[in-house]
file upload22.cif (mmCIF, C-alpha atoms)
data_model
loop_
_atom_site.group_PDB
_atom_site.id
_atom_site.type_symbol
_atom_site.label_atom_id
_atom_site.label_comp_id
_atom_site.auth_asym_id
_atom_site.auth_seq_id
_atom_site.Cartn_x
_atom_site.Cartn_y
_atom_site.Cartn_z
ATOM 1 C CA MET A 1401 55.482 -17.975 -6.874
ATOM 2 C CA LEU A 1402 53.310 -15.224 -5.374
ATOM 3 C CA HIS A 1403 51.526 -14.724 -8.674
ATOM 4 C CA ALA A 1404 50.748 -18.451 -8.861
ATOM 5 C CA ASP A 1405 49.372 -18.386 -5.312
ATOM 6 C CA LYS A 1406 47.195 -15.410 -6.210
ATOM 7 C CA ILE A 1407 45.749 -17.206 -9.251
ATOM 8 C CA ASP A 1408 45.128 -20.340 -7.177
ATOM 9 C CA LEU A 1409 43.263 -18.313 -4.527
ATOM 10 C CA GLN A 1410 41.074 -16.652 -7.164
ATOM 11 C CA ASN A 1411 40.200 -20.010 -8.711
ATOM 12 C CA LYS A 1412 39.269 -21.482 -5.332
ATOM 13 C CA LEU A 1413 37.014 -18.531 -4.482
ATOM 14 C CA LYS A 1414 35.375 -18.729 -7.889
ATOM 15 C CA LEU A 1415 34.775 -22.458 -7.412
ATOM 16 C CA HIS A 1416 33.125 -21.892 -4.019
ATOM 17 C CA MET A 1417 30.887 -19.184 -5.496
ATOM 18 C CA LEU A 1418 29.814 -21.488 -8.301
ATOM 19 C CA GLN A 1419 28.920 -24.176 -5.769
ATOM 20 C CA ILE A 1420 26.711 -21.720 -3.849
ATOM 21 C CA GLU A 1421 25.005 -20.509 -7.037
ATOM 22 C CA GLU A 1422 24.470 -24.120 -8.112
ATOM 23 C CA LYS A 1423 22.486 -24.745 -4.928
ATOM 24 C CA GLU A 1424 20.299 -21.719 -5.660
ATOM 25 C CA LEU A 1425 19.826 -22.877 -9.247
ATOM 26 C CA ASN A 1426 18.716 -26.318 -8.076
ATOM 27 C CA HIS A 1427 16.323 -24.629 -5.648
ATOM 28 C CA TYR A 1428 14.636 -22.716 -8.485
ATOM 29 C CA VAL A 1429 14.451 -25.809 -10.672
ATOM 30 C CA ALA A 1430 12.697 -27.729 -7.870
ATOM 31 C CA ASN A 1431 10.265 -24.824 -7.397
ATOM 32 C CA CYS A 1432 9.498 -24.773 -11.117
ATOM 33 C CA ASN A 1433 8.795 -28.501 -11.182
ATOM 34 C CA THR A 1434 6.469 -28.284 -8.166
ATOM 35 C CA LEU A 1435 4.527 -25.242 -9.337
ATOM 36 C CA GLY A 1436 4.360 -26.443 -12.932
ATOM 37 C CA THR A 1437 2.732 -29.696 -11.842
ATOM 38 C CA GLN A 1438 0.027 -27.874 -9.861
ATOM 39 C CA ALA A 1439 -0.550 -25.375 -12.679
ATOM 40 C CA ALA A 1440 -1.003 -28.238 -15.158
ATOM 41 C CA LEU A 1441 -3.585 -29.782 -12.827
ATOM 42 C CA LEU A 1442 -5.609 -26.544 -12.651
ATOM 43 C CA ALA A 1443 -5.304 -26.051 -16.419
ATOM 44 C CA GLY A 1444 -6.755 -29.549 -16.869
ATOM 45 C CA PHE A 1445 -9.659 -28.672 -14.585
ATOM 46 C CA ALA A 1446 -10.376 -25.511 -16.586
ATOM 47 C CA PHE A 1447 -10.170 -27.347 -19.911
ATOM 48 C CA THR A 1448 -12.557 -30.029 -18.659
ATOM 49 C CA ALA A 1449 -15.014 -27.382 -17.464
ATOM 50 C CA MET A 1450 -14.806 -25.631 -20.830
ATOM 51 C CA ILE A 1451 -15.422 -28.814 -22.847
ATOM 52 C CA GLU A 1452 -17.835 -30.754 -20.644
ATOM 53 C CA GLY A 1453 -19.655 -27.914 -18.897
ATOM 54 C CA PRO A 1454 -23.454 -27.690 -19.109
ATOM 55 C CA TRP A 1455 -23.324 -24.837 -21.592
ATOM 56 C CA GLU A 1456 -26.507 -25.822 -23.466
ATOM 57 C CA LEU A 1457 -28.483 -25.840 -20.242
ATOM 58 C CA LEU A 1458 -26.931 -22.560 -19.215
ATOM 59 C CA LEU A 1459 -27.830 -20.934 -22.538
ATOM 60 C CA GLU A 1460 -31.439 -22.068 -22.165
ATOM 61 C CA GLU A 1461 -31.980 -20.959 -18.569
ATOM 62 C CA SER A 1462 -29.552 -18.035 -18.027
ATOM 63 C CA PRO A 1463 -28.821 -14.696 -19.685
ATOM 64 C CA ILE A 1464 -26.172 -14.759 -22.340
ATOM 65 C CA TRP A 1465 -23.888 -12.385 -20.401
ATOM 66 C CA LYS A 1466 -23.628 -14.804 -17.469
ATOM 67 C CA VAL A 1467 -22.669 -17.669 -19.747
ATOM 68 C CA GLY A 1468 -20.208 -15.470 -21.632
ATOM 69 C CA CYS A 1469 -18.548 -14.223 -18.433
ATOM 70 C CA SER A 1470 -18.266 -17.741 -17.060
ATOM 71 C CA LEU A 1471 -16.693 -19.062 -20.266
ATOM 72 C CA CYS A 1472 -14.301 -16.099 -20.613
ATOM 73 C CA VAL A 1473 -13.081 -16.403 -17.022
ATOM 74 C CA THR A 1474 -12.613 -20.161 -17.455
ATOM 75 C CA VAL A 1475 -10.566 -19.669 -20.624
ATOM 76 C CA LEU A 1476 -8.529 -16.902 -18.969
ATOM 77 C CA GLY A 1477 -7.730 -19.126 -15.993
ATOM 78 C CA MET A 1478 -6.670 -21.946 -18.327
ATOM 79 C CA LEU A 1479 -4.381 -19.614 -20.291
ATOM 80 C CA LEU A 1480 -2.748 -18.286 -17.118
ATOM 81 C CA GLU A 1481 -2.082 -21.777 -15.816
ATOM 82 C CA ILE A 1482 -0.717 -22.901 -19.192
ATOM 83 C CA ASN A 1483 1.579 -19.875 -19.147
ATOM 84 C CA ALA A 1484 2.848 -20.960 -15.721
ATOM 85 C CA VAL A 1485 3.433 -24.484 -17.051
ATOM 86 C CA ILE A 1486 5.375 -23.188 -20.067
ATOM 87 C CA LYS A 1487 7.530 -20.946 -17.886
ATOM 88 C CA SER A 1488 8.297 -23.823 -15.532
ATOM 89 C CA VAL A 1489 9.344 -26.061 -18.447
ATOM 90 C CA GLN A 1490 11.503 -23.343 -20.010
ATOM 91 C CA MET A 1491 13.272 -22.470 -16.780
ATOM 92 C CA SER A 1492 13.800 -26.115 -15.796
ATOM 93 C CA ILE A 1493 15.497 -26.812 -19.135
ATOM 94 C CA LEU A 1494 17.114 -23.584 -20.308
ATOM 95 C CA GLY A 1495 18.393 -22.375 -16.915
ATOM 96 C CA PRO A 1496 20.632 -25.380 -16.142
ATOM 97 C CA LYS A 1497 21.622 -25.559 -19.824
ATOM 98 C CA LEU A 1498 22.916 -21.975 -19.771
ATOM 99 C CA ALA A 1499 24.673 -22.479 -16.443
ATOM 100 C CA LEU A 1500 26.348 -25.692 -17.624
ATOM 101 C CA ARG A 1501 27.314 -24.875 -21.204
ATOM 102 C CA GLY A 1502 27.466 -21.076 -21.300
ATOM 103 C CA PRO A 1503 30.538 -18.831 -21.137
ATOM 104 C CA ASP A 1504 32.085 -17.462 -17.983
ATOM 105 C CA GLY A 1505 29.452 -15.783 -15.791
ATOM 106 C CA SER A 1506 26.555 -17.847 -17.160
ATOM 107 C CA MET A 1507 25.739 -19.363 -13.755
ATOM 108 C CA THR A 1508 25.083 -15.915 -12.261
ATOM 109 C CA ARG A 1509 23.016 -14.881 -15.272
ATOM 110 C CA ALA A 1510 20.908 -18.065 -15.105
ATOM 111 C CA VAL A 1511 20.222 -17.560 -11.389
ATOM 112 C CA MET A 1512 19.204 -13.923 -11.868
ATOM 113 C CA VAL A 1513 16.844 -14.731 -14.757
ATOM 114 C CA MET A 1514 15.242 -17.644 -12.924
ATOM 115 C CA ARG A 1515 14.797 -15.487 -9.820
ATOM 116 C CA ARG A 1516 12.898 -12.884 -11.854
ATOM 117 C CA GLU A 1517 10.808 -15.332 -13.854
ATOM 118 C CA GLU A 1518 9.840 -17.328 -10.778
ATOM 119 C CA VAL A 1519 7.941 -14.290 -9.462
ATOM 120 C CA ARG A 1520 6.044 -13.991 -12.756
ATOM 121 C CA MET A 1521 5.245 -17.688 -12.704
ATOM 122 C CA HIS A 1522 3.832 -17.391 -9.190
ATOM 123 C CA ASN A 1523 1.673 -14.444 -10.291
ATOM 124 C CA CYS A 1524 0.276 -16.410 -13.234
ATOM 125 C CA PHE A 1525 -0.494 -19.369 -11.000
ATOM 126 C CA TYR A 1526 -2.345 -17.356 -8.360
ATOM 127 C CA CYS A 1527 -4.262 -15.290 -10.934
ATOM 128 C CA GLY A 1528 -5.391 -18.521 -12.599
ATOM 129 C CA LEU A 1529 -6.508 -19.830 -9.219
ATOM 130 C CA VAL A 1530 -8.614 -16.683 -8.667
ATOM 131 C CA CYS A 1531 -10.172 -17.138 -12.126
ATOM 132 C CA PHE A 1532 -11.038 -20.720 -11.143
ATOM 133 C CA PHE A 1533 -13.031 -19.426 -8.160
ATOM 134 C CA ILE A 1534 -14.746 -16.667 -10.165
ATOM 135 C CA SER A 1535 -15.752 -19.125 -12.885
ATOM 136 C CA SER A 1536 -17.290 -21.406 -10.256
ATOM 137 C CA ILE A 1537 -19.317 -18.488 -8.893
ATOM 138 C CA PHE A 1538 -20.641 -17.575 -12.363
ATOM 139 C CA ILE A 1539 -21.676 -21.173 -13.049
ATOM 140 C CA ILE A 1540 -23.466 -21.400 -9.696
ATOM 141 C CA TRP A 1541 -25.308 -18.144 -10.396
ATOM 142 C CA SER A 1542 -26.413 -19.539 -13.760
ATOM 143 C CA LEU A 1543 -27.617 -22.946 -12.562
ATOM 144 C CA PHE A 1544 -29.216 -22.595 -9.136
ATOM 145 C CA PRO A 1545 -31.954 -20.410 -7.642
ATOM 146 C CA SER A 1546 -31.061 -17.242 -5.784
ATOM 147 C CA GLU A 1547 -31.766 -18.743 -2.350
ATOM 148 C CA ILE A 1548 -28.972 -21.258 -2.811
ATOM 149 C CA VAL A 1549 -26.706 -19.003 -4.850
ATOM 150 C CA ILE A 1550 -26.250 -16.326 -2.190
ATOM 151 C CA SER A 1551 -25.116 -18.695 0.550
ATOM 152 C CA VAL A 1552 -22.790 -20.624 -1.764
ATOM 153 C CA SER A 1553 -21.310 -17.408 -3.214
ATOM 154 C CA VAL A 1554 -20.620 -16.066 0.266
ATOM 155 C CA LEU A 1555 -18.899 -19.333 1.134
ATOM 156 C CA LEU A 1556 -16.776 -19.241 -2.030
ATOM 157 C CA PHE A 1557 -15.793 -15.592 -1.539
ATOM 158 C CA PHE A 1558 -14.897 -16.270 2.078
ATOM 159 C CA GLY A 1559 -12.801 -19.284 1.047
ATOM 160 C CA LEU A 1560 -11.024 -17.267 -1.658
ATOM 161 C CA PHE A 1561 -10.185 -14.352 0.640
ATOM 162 C CA TRP A 1562 -9.074 -16.709 3.384
ATOM 163 C CA LEU A 1563 -6.727 -18.503 0.987
ATOM 164 C CA LEU A 1564 -5.257 -15.218 -0.241
ATOM 165 C CA TYR A 1565 -4.900 -13.860 3.293
ATOM 166 C CA ASP A 1566 -3.282 -17.048 4.564
ATOM 167 C CA ALA A 1567 -0.899 -17.146 1.601
ATOM 168 C CA ARG A 1568 0.031 -13.506 2.204
ATOM 169 C CA GLN A 1569 0.677 -14.086 5.893
ATOM 170 C CA LEU A 1570 2.850 -17.109 5.160
ATOM 171 C CA ASP A 1571 4.738 -15.132 2.537
ATOM 172 C CA LYS A 1572 5.437 -12.388 5.094
ATOM 173 C CA ALA A 1573 6.552 -14.924 7.705
ATOM 174 C CA LEU A 1574 9.034 -16.539 5.315
ATOM 175 C CA LEU A 1575 10.122 -13.361 3.523
ATOM 176 C CA LEU A 1576 13.857 -12.873 3.104
ATOM 177 C CA PRO A 1577 15.471 -9.673 4.358
ATOM 178 C CA LYS A 1578 15.812 -7.066 1.619
ATOM 179 C CA SER A 1579 19.581 -7.142 1.901
ATOM 180 C CA ARG A 1580 19.628 -10.849 1.007
ATOM 181 C CA ALA A 1581 16.607 -11.208 -1.262
ATOM 182 C CA THR A 1582 18.357 -10.121 -4.460
ATOM 183 C CA GLY A 1583 22.013 -10.483 -3.574
ATOM 184 C CA VAL A 1584 24.421 -11.563 -6.280
ATOM 185 C CA LEU A 1585 27.795 -12.984 -5.455
ATOM 186 C CA THR A 1586 30.661 -11.154 -7.096
ATOM 187 C CA LEU A 1587 34.396 -11.356 -6.925
ATOM 188 C CA SER A 1588 36.458 -8.252 -6.425
ATOM 189 C CA PHE A 1589 40.176 -8.373 -5.911
ATOM 190 C CA THR A 1590 42.131 -5.317 -4.895
ATOM 191 C CA TYR A 1591 45.749 -5.191 -3.982
ATOM 192 C CA GLU A 1592 47.342 -2.490 -1.881
ATOM 193 C CA TYR A 1593 51.072 -2.074 -1.944
ATOM 194 C CA PRO A 1594 52.920 -0.243 0.847
ATOM 195 C CA PRO A 1595 54.268 3.135 -0.223
ATOM 196 C CA GLN A 1596 57.853 2.932 -1.256
ATOM 197 C CA LYS A 1597 60.366 5.156 0.461
ATOM 198 C CA PRO A 1598 62.238 7.569 -1.778
ATOM 199 C CA PRO A 1599 65.848 6.582 -2.396
ATOM 200 C CA PRO A 1600 68.404 8.349 -0.194
ATOM 201 C CA PRO A 1601 70.231 11.271 -1.750
ATOM 202 C CA PRO A 1602 73.687 10.519 -3.156
ATOM 203 C CA PRO A 1603 76.637 11.353 -0.933
ATOM 204 C CA PRO A 1604 78.358 14.683 -1.652
#
call {"tool": "encode", "arguments": {"input": "upload22.cif", "output": "structure tokens"}}
result
Amino acid sequence: MLHADKIDLQNKLKLHMLQIEEKELNHYVANCNTLGTQAALLAGFAFTAMIEGPWELLLEESPIWKVGCSLCVTVLGMLLEINAVIKSVQMSILGPKLALRGPDGSMTRAVMVMRREEVRMHNCFYCGLVCFFISSIFIIWSLFPSEIVISVSVLLFFGLFWLLYDARQLDKALLLPKSRATGVLTLSFTYEYPPQKPPPPPPP
């Protein structure tokens, strides 16, 4: 009877842990869907700029190094955003699949992997966004006279640094404590038995 109660208690605790990890898994899936949509939008912008940009005019009126830098940064930004899109699709599909159909402990493994890959996906997204700004600056320097270019470049640099600073401040304001940022739920059962008294000595 006691052994059956012990097994029932372990199963209930395990069920509650799985429910908590399922909420975290759904949180990461929602984040992947949101960020993947925005990354696809920026990748489309970069692809359009690469295909329909005024490259012939730029080659006629600007040095070749400016045009080359602008095109390379545009392609780099597109590749970073596509990488973020691919990661979001993989995590949205493979993470829940592993948690649902994998062996015992797969839910914890899926949550840990998605937690790590979400950071990489964010880095790819923000690096692609920076490349988008740099590409715009190169194109402006190639098309317009210096009187206009300086003021517009200052405005773009100020906007880029303000976005990064504001994002950093918001990240600090919503940062989890270190003790809870990477916590993993685990079960550990220990049983302590009271020390048994030695048997009394036999009567003489």
call {"tool": "resolve_selection", "arguments": {"input": "upload22.cif", "expression": "the PyMOL selection byres ((chain A and resi 1525) around 12)", "output": "PyMOL selection string"}}
result
chain A and resi 1432+1434-1443+1476-1488+1518-1524+1526-1532
call {"tool": "write_last_selection", "arguments": {"input": "upload22.cif", "atoms": "C-alpha atoms", "output": "PDB file, keeping the file's coordinate frame"}}
result
ATOM      1  CA  CYS A1432       9.498 -24.773 -11.117  1.00  0.00           C
ATOM      2  CA  THR A1434       6.469 -28.284  -8.166  1.00  0.00           C
ATOM      3  CA  LEU A1435       4.527 -25.242  -9.337  1.00  0.00           C
ATOM      4  CA  GLY A1436       4.360 -26.443 -12.932  1.00  0.00           C
ATOM      5  CA  THR A1437       2.732 -29.696 -11.842  1.00  0.00           C
ATOM      6  CA  GLN A1438       0.027 -27.874  -9.861  1.00  0.00           C
ATOM      7  CA  ALA A1439      -0.550 -25.375 -12.679  1.00  0.00           C
ATOM      8  CA  ALA A1440      -1.003 -28.238 -15.158  1.00  0.00           C
ATOM      9  CA  LEU A1441      -3.585 -29.782 -12.827  1.00  0.00           C
ATOM     10  CA  LEU A1442      -5.609 -26.544 -12.651  1.00  0.00           C
ATOM     11  CA  ALA A1443      -5.304 -26.051 -16.419  1.00  0.00           C
ATOM     12  CA  LEU A1476      -8.529 -16.902 -18.969  1.00  0.00           C
ATOM     13  CA  GLY A1477      -7.730 -19.126 -15.993  1.00  0.00           C
ATOM     14  CA  MET A1478      -6.670 -21.946 -18.327  1.00  0.00           C
ATOM     15  CA  LEU A1479      -4.381 -19.614 -20.291  1.00  0.00           C
ATOM     16  CA  LEU A1480      -2.748 -18.286 -17.118  1.00  0.00           C
ATOM     17  CA  GLU A1481      -2.082 -21.777 -15.816  1.00  0.00           C
ATOM     18  CA  ILE A1482      -0.717 -22.901 -19.192  1.00  0.00           C
ATOM     19  CA  ASN A1483       1.579 -19.875 -19.147  1.00  0.00           C
ATOM     20  CA  ALA A1484       2.848 -20.960 -15.721  1.00  0.00           C
ATOM     21  CA  VAL A1485       3.433 -24.484 -17.051  1.00  0.00           C
ATOM     22  CA  ILE A1486       5.375 -23.188 -20.067  1.00  0.00           C
ATOM     23  CA  LYS A1487       7.530 -20.946 -17.886  1.00  0.00           C
ATOM     24  CA  SER A1488       8.297 -23.823 -15.532  1.00  0.00           C
ATOM     25  CA  GLU A1518       9.840 -17.328 -10.778  1.00  0.00           C
ATOM     26  CA  VAL A1519       7.941 -14.290  -9.462  1.00  0.00           C
ATOM     27  CA  ARG A1520       6.044 -13.991 -12.756  1.00  0.00           C
ATOM     28  CA  MET A1521       5.245 -17.688 -12.704  1.00  0.00           C
ATOM     29  CA  HIS A1522       3.832 -17.391  -9.190  1.00  0.00           C
ATOM     30  CA  ASN A1523       1.673 -14.444 -10.291  1.00  0.00           C
ATOM     31  CA  CYS A1524       0.276 -16.410 -13.234  1.00  0.00           C
ATOM     32  CA  TYR A1526      -2.345 -17.356  -8.360  1.00  0.00           C
ATOM     33  CA  CYS A1527      -4.262 -15.290 -10.934  1.00  0.00           C
ATOM     34  CA  GLY A1528      -5.391 -18.521 -12.599  1.00  0.00           C
ATOM     35  CA  LEU A1529      -6.508 -19.830  -9.219  1.00  0.00           C
ATOM     36  CA  VAL A1530      -8.614 -16.683  -8.667  1.00  0.00           C
ATOM     37  CA  CYS A1531     -10.172 -17.138 -12.126  1.00  0.00           C
ATOM     38  CA  PHE A1532     -11.038 -20.720 -11.143  1.00  0.00           C
TER      39      PHE A1532
END
call {"tool": "resolve_selection", "arguments": {"input": "upload22.cif", "expression": "the PyMOL selection byres ((chain A and resi 1422) around 10)", "output": "PyMOL selection string"}}
result
chain A and resi 1416-1421+1423-1428+1496+1499-1500+1507-1508+1510-1511
call {"tool": "residues_near_point", "arguments": {"input": "upload22.cif", "point": "(-8.1, -12.8, -1.7)", "cutoff": "12 Å", "atoms": "only C-alpha atoms", "output": "list in words"}}
result
Tyr1526, Cys1527, Leu1529, Val1530, Cys1531, Phe1533, Ile1534, Leu1556, Phe1557, Phe1558, Gly1559, Leu1560, Phe1561, Trp1562, Leu1563, Leu1564, Tyr1565, Asp1566, Ala1567, Arg1568 and Gln1569 of chain A
call {"tool": "resolve_selection", "arguments": {"input": "upload22.cif", "expression": "the PyMOL selection byres ((chain A and resi 1537) around 12)", "output": "NGL selection string"}}
result
:A and (1466-1467 or 1469-1471 or 1473-1474 or 1530-1536 or 1538-1544 or 1548-1557 or 1559-1560)
call {"tool": "atom_distance", "arguments": {"input": "upload22.cif", "atom1": "atom CA of Gln1490 of chain A", "atom2": "atom CA of Gly1444 of chain A"}}
result
19.5 Å
call {"tool": "atom_distance", "arguments": {"input": "upload22.cif", "atom1": "atom CA of Val1489 of chain A", "atom2": "atom CA of Met1512 of chain A"}}
result
17.0 Å
